[in-house]
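Text of input_13.pdb (PDB, C-alpha atoms) as supplied:
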```pdb
ATOM      1  CA  MET A   1      -1.756  25.152   3.946
ATOM      2  CA  THR A   2       0.806  23.365   6.116
ATOM      3  CA  ILE A   3       1.071  26.330   8.481
ATOM      4  CA  ILE A   4      -2.699  26.693   8.791
ATOM      5  CA  SER A   5      -3.196  22.953   9.442
ATOM      6  CA  PHE A   6      -0.445  22.988  12.041
ATOM      7  CA  LEU A   7      -1.881  26.018  13.853
ATOM      8  CA  VAL A   8      -5.399  24.543  13.867
ATOM      9  CA  ALA A   9      -4.109  21.253  15.304
ATOM     10  CA  VAL A  10      -2.131  23.025  18.030
ATOM     11  CA  ALA A  11      -4.993  25.368  18.971
ATOM     12  CA  ALA A  12      -7.598  22.581  19.022
ATOM     13  CA  THR A  13      -5.565  20.264  21.227
ATOM     14  CA  GLU A  14      -4.494  23.024  23.616
ATOM     15  CA  LYS A  15      -8.116  24.117  23.984
ATOM     16  CA  LYS A  16      -9.278  20.533  24.612
ATOM     17  CA  SER A  17      -6.511  19.522  27.024
ATOM     18  CA  GLY A  18      -5.869  22.891  28.671
ATOM     19  CA  SER A  19      -2.109  22.343  28.642
ATOM     20  CA  VAL A  20       0.841  23.379  26.521
ATOM     21  CA  HIS A  21       0.713  21.362  23.305
ATOM     22  CA  PHE A  22       4.315  20.252  22.981
ATOM     23  CA  SER A  23       4.760  18.973  26.526
ATOM     24  CA  ASP A  24       2.023  16.328  26.731
ATOM     25  CA  ASN A  25       3.108  13.411  24.559
ATOM     26  CA  ASP A  26       5.429  12.160  21.869
ATOM     27  CA  HIS A  27       2.766  12.628  19.189
ATOM     28  CA  SER A  28       2.713  16.399  19.589
ATOM     29  CA  LYS A  29       6.512  16.602  19.655
ATOM     30  CA  ALA A  30       6.742  14.453  16.522
ATOM     31  CA  GLY A  31       4.245  16.781  14.836
ATOM     32  CA  LEU A  32       6.512  19.738  15.547
ATOM     33  CA  VAL A  33       9.496  17.861  14.099
ATOM     34  CA  ILE A  34       7.511  17.008  10.948
ATOM     35  CA  PHE A  35       6.446  20.641  10.622
ATOM     36  CA  LEU A  36      10.059  21.817  10.837
ATOM     37  CA  PHE A  37      11.332  19.049   8.522
ATOM     38  CA  SER A  38       8.788  20.061   5.881
ATOM     39  CA  PHE A  39      10.391  23.505   5.772
ATOM     40  CA  VAL A  40      13.828  21.906   5.514
ATOM     41  CA  GLN A  41      12.605  19.895   2.511
ATOM     42  CA  VAL A  42      11.246  23.047   0.863
ATOM     43  CA  ALA A  43      14.556  24.824   1.516
ATOM     44  CA  PHE A  44      16.396  21.891  -0.115
ATOM     45  CA  GLY A  45      14.092  22.235  -3.110
ATOM     46  CA  ILE A  46      14.751  25.959  -3.432
ATOM     47  CA  ALA A  47      18.525  25.471  -3.135
ATOM     48  CA  ARG A  48      18.772  22.793  -5.846
ATOM     49  CA  PRO A  49      21.749  22.943  -8.169
ATOM     50  CA  PRO A  50      21.052  23.838 -11.793
ATOM     51  CA  ALA A  51      19.944  21.136 -14.216
ATOM     52  CA  PRO A  52      22.317  20.213 -17.028
ATOM     53  CA  LYS A  53      22.080  22.281 -20.165
ATOM     54  CA  LYS A  54      21.195  20.841 -23.568
ATOM     55  CA  ASN A  55      24.020  19.984 -25.912
ATOM     56  CA  ASP A  56      24.207  21.438 -29.426
ATOM     57  CA  ASP A  57      22.548  18.300 -30.816
ATOM     58  CA  GLY A  58      19.545  18.736 -28.494
ATOM     59  CA  THR A  59      20.420  15.963 -26.042
ATOM     60  CA  MET A  60      20.756  16.651 -22.346
ATOM     61  CA  GLY A  61      24.240  17.177 -20.968
ATOM     62  CA  ASN A  62      25.697  15.206 -18.091
ATOM     63  CA  LYS A  63      24.576  16.001 -14.565
ATOM     64  CA  GLN A  64      27.169  17.438 -12.237
ATOM     65  CA  PRO A  65      27.985  15.296  -9.160
ATOM     66  CA  VAL A  66      26.521  17.950  -6.856
ATOM     67  CA  ARG A  67      23.204  17.750  -8.770
ATOM     68  CA  MET A  68      23.144  13.935  -8.516
ATOM     69  CA  LEU A  69      23.924  14.130  -4.793
ATOM     70  CA  TRP A  70      21.198  16.731  -4.298
ATOM     71  CA  GLU A  71      18.632  14.611  -6.185
ATOM     72  CA  PHE A  72      19.486  11.545  -4.088
ATOM     73  CA  GLY A  73      19.363  13.473  -0.799
ATOM     74  CA  HIS A  74      16.133  15.280  -1.662
ATOM     75  CA  ARG A  75      14.410  12.019  -2.615
ATOM     76  CA  VAL A  76      15.656  10.085   0.425
ATOM     77  CA  PHE A  77      14.693  12.900   2.791
ATOM     78  CA  GLY A  78      11.283  13.176   1.097
ATOM     79  CA  ILE A  79      10.640   9.434   1.461
ATOM     80  CA  PHE A  80      11.748   9.579   5.102
ATOM     81  CA  LEU A  81       9.453  12.546   5.707
ATOM     82  CA  LEU A  82       6.513  10.776   4.042
ATOM     83  CA  ALA A  83       7.082   7.634   6.134
ATOM     84  CA  PHE A  84       7.361   9.747   9.294
ATOM     85  CA  CYS A  85       4.109  11.526   8.413
ATOM     86  CA  TRP A  86       2.324   8.226   7.813
ATOM     87  CA  TRP A  87       3.513   6.949  11.183
ATOM     88  CA  GLN A  88       2.288  10.192  12.751
ATOM     89  CA  VAL A  89      -1.172   9.803  11.201
ATOM     90  CA  GLN A  90      -1.406   6.236  12.526
ATOM     91  CA  ASP A  91      -0.257   7.368  15.965
ATOM     92  CA  GLY A  92      -2.783  10.223  15.942
ATOM     93  CA  LEU A  93      -5.638   7.880  15.018
ATOM     94  CA  LYS A  94      -4.665   5.507  17.839
ATOM     95  CA  LEU A  95      -4.357   8.424  20.285
ATOM     96  CA  TYR A  96      -7.777   9.743  19.222
ATOM     97  CA  ALA A  97      -9.331   6.293  19.694
ATOM     98  CA  PHE A  98      -7.809   6.059  23.173
ATOM     99  CA  LEU A  99      -8.750   9.567  24.316
ATOM    100  CA  PHE A 100     -12.310   9.517  22.994
ATOM    101  CA  ASN A 101     -13.106   5.808  23.395
ATOM    102  CA  ALA A 102     -13.605   5.509  19.644
ATOM    103  CA  ASP A 103     -12.749   2.892  17.053
ATOM    104  CA  ASP A 104      -9.138   2.727  15.910
ATOM    105  CA  LEU A 105      -9.258   3.745  12.258
ATOM    106  CA  SER A 106      -5.560   3.233  11.564
ATOM    107  CA  PRO A 107      -6.210   0.083   9.467
ATOM    108  CA  VAL A 108      -8.503   2.169   7.253
ATOM    109  CA  PHE A 109      -5.757   4.761   6.878
ATOM    110  CA  TRP A 110      -3.217   2.094   5.921
ATOM    111  CA  GLY A 111      -5.668   0.652   3.395
ATOM    112  CA  ILE A 112      -6.103   4.068   1.791
ATOM    113  CA  ALA A 113      -2.340   4.743   1.853
ATOM    114  CA  ALA A 114      -1.606   1.330   0.304
ATOM    115  CA  GLY A 115      -4.288   1.843  -2.357
ATOM    116  CA  LEU A 116      -2.956   5.261  -3.327
ATOM    117  CA  SER A 117       0.611   3.946  -3.335
ATOM    118  CA  GLY A 118      -0.447   1.110  -5.618
ATOM    119  CA  ILE A 119      -2.151   3.488  -8.035
ATOM    120  CA  ILE A 120       0.911   5.748  -8.107
ATOM    121  CA  PHE A 121       3.169   2.746  -8.717
ATOM    122  CA  LEU A 122       0.976   1.489 -11.578
ATOM    123  CA  LEU A 123       0.938   4.952 -13.171
ATOM    124  CA  TYR A 124       4.729   5.117 -12.846
ATOM    125  CA  VAL A 125       5.120   1.717 -14.509
ATOM    126  CA  TYR A 126       2.724   2.753 -17.270
ATOM    127  CA  ASP A 127       4.577   6.030 -17.836
ATOM    128  CA  LYS A 128       8.102   4.611 -17.770
ATOM    129  CA  VAL A 129       7.626   1.157 -19.277
ATOM    130  CA  LEU A 130       4.411   0.673 -21.175
ATOM    131  CA  ALA A 131       4.089   4.134 -22.722
ATOM    132  CA  GLY A 132       7.808   4.508 -23.493
ATOM    133  CA  ASP A 133       9.057   4.709 -27.062
ATOM    134  CA  ASP A 134      11.866   2.693 -28.624
ATOM    135  CA  ASP A 135      14.712   4.507 -26.879
ATOM    136  CA  GLY A 136      13.209   3.886 -23.415
ATOM    137  CA  GLN A 137      12.082   7.470 -22.940
ATOM    138  CA  ALA A 138       8.590   7.997 -21.589
ATOM    139  CA  ALA A 139       6.093   9.235 -24.130
ATOM    140  CA  HIS A 140       4.920  12.673 -22.995
ATOM    141  CA  THR A 141       2.920  14.365 -25.716
ATOM    142  CA  VAL A 142       0.867  16.888 -23.779
ATOM    143  CA  GLY A 143       1.417  20.295 -25.326
ATOM    144  CA  LYS A 144       3.764  18.953 -28.002
ATOM    145  CA  LYS A 145       3.187  18.520 -31.704
ATOM    146  CA  THR A 146       2.621  14.933 -32.754
ATOM    147  CA  ASP A 147       4.424  13.627 -35.815
ATOM    148  CA  ASP A 148       2.409  10.662 -37.053
ATOM    149  CA  ASN A 149       4.150  10.142 -40.370
ATOM    150  CA  GLY A 150       7.706  10.201 -39.007
ATOM    151  CA  ASP A 151       9.109  12.976 -41.189
ATOM    152  CA  GLY A 152      10.023  15.063 -38.138
ATOM    153  CA  ASN A 153       8.118  18.250 -38.995
ATOM    154  CA  GLY A 154       5.362  17.855 -36.403
ATOM    155  CA  ASP A 155       2.469  17.315 -38.804
ATOM    156  CA  ARG A 156      -0.177  14.642 -38.478
ATOM    157  CA  ASP A 157      -0.612  12.260 -41.397
ATOM    158  CA  GLY A 158       0.804  14.669 -43.943
ATOM    159  CA  GLU A 159      -1.689  17.462 -43.227
ATOM    160  CA  GLU A 160       0.785  20.218 -44.091
ATOM    161  CA  GLU A 161       1.858  18.512 -47.320
ATOM    162  CA  GLU A 162      -1.778  18.163 -48.384
ATOM    163  CA  GLU A 163      -2.404  21.859 -47.718
ATOM    164  CA  ARG A 164       0.642  22.838 -49.777
ATOM    165  CA  ASP A 165      -0.355  20.551 -52.657
ATOM    166  CA  ALA A 166      -3.891  21.962 -52.827
TER     167      ALA A 166
END
```

I'd like the structure from this file rewritten - as structure tokens, please.
Amino acid sequence: MTIISFLVAVAATEKKSGSVHFSDNDHSKAGLVIFLFSFVQVAFGIARPPAPKKNDDGTMGNKQPVRMLWEFGHRVFGIFLLAFCWWQVQDGLKLYAFLFNADDLSPVFWGIAAGLSGIIFLLYVYDKVLAGDDDGQAAHTVGKKTDDNGDGNGDRDGEEEEERDA
């Protein structure tokens, strides 16, 4: 999808302007950098170090320093790339408004970006804080057996015991 979007943008602007896309302005050059950086981020994701293995007692083992460094770098680069992309969208909207004598819609973009960021933040807080269990771990039950009566065998309200007793 990234490649197709990039090619459409390049072809459309070259057709409209009649010049080579990456020589006109900083916006087109920044778009090329973002396109290349997105492949770097994917390559970082593919080259990630292995996750820690589970211990005999079922808990997760300690992360190796190279894994922690990779996680930090991948996140920081991803946040940088997202911020760069958002700047690029704003710059493109301003450039469009200038070239076509149209309204500058960058405030609308920032409103949408802020709204989505707020929703993501609230979902993160809900997942990590409000829906967490006693040990601070987030409660993720999708696709897992639920153990309502606390005996650890995955049944709900003693269903299996009732079936055995019958």

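Between Gln41 (chain A) and the residues A:Trp70, A:Phe77, A:Tyr126, A:Phe6, the shortest atom-to-atom distance, using all atoms listed in the file, involves A:Phe77.
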
* To do: Using CA of Ile112 (chain A) and CA of Val8 (chain A) as the two end points, give the distance in Å to one decimal.
  => 23.8 Å

* Work out how far CA of Leu93 (chain A) is from CA of Pro107 (chain A), in Å to one decimal. => 9.6 Å

* Nearest to Gly73 (chain A), chosen from A:Tyr96, A:Phe44, A:Trp86, A:Phe37, with all atoms listed in the file counted in the distances ->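 Under the stated criterion, the closest residue is A:Phe44.
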
* Asked: Which is closest to Glu71 (chain A) among A:Ala47, A:Val129, A:Val108, A:Ile119, if we use all atoms listed in the file?
  ->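 Among the listed residues, A:Ala47 lies closest to Glu71 (chain A).
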
* Structure fact -> Shortest contact to Ile79 (chain A), candidates A:Ser38, A:Lys15, A:Leu95, A:Asn55, atoms counted only C-alpha atoms, goes to A:Ser38

* Asked: When you draw a straight line from CA of His74 (chain A) to CA of Asn25 (chain A), how long is it in Å?
  ->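 The value is 29.3 Å.
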
* Residue nearest Leu7 (chain A) - candidates A:Phe35, A:Trp110, A:Ile46, A:Asp26, atoms counted: only C-alpha atoms ->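 With only C-alpha atoms as the atom set, the closest residue is A:Phe35.
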
* Asked: With all atoms listed in the file as the basis for distance, which of A:Leu82, A:Arg67, A:Ala30, A:Phe109 is at the shortest distance from Lys94 (chain A)?
  ->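 Once distances to Lys94 (chain A) are computed over all atoms listed in the file, the minimum belongs to A:Phe109.
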
* Carefully work through the PyMOL selection byres ((chain A and resi 31) around 10) for this structure and note down the residues it includes, as a PyMOL selection string. => chain A and resi 6+9-10+22+26-30+32-37+84-85+88-89+92
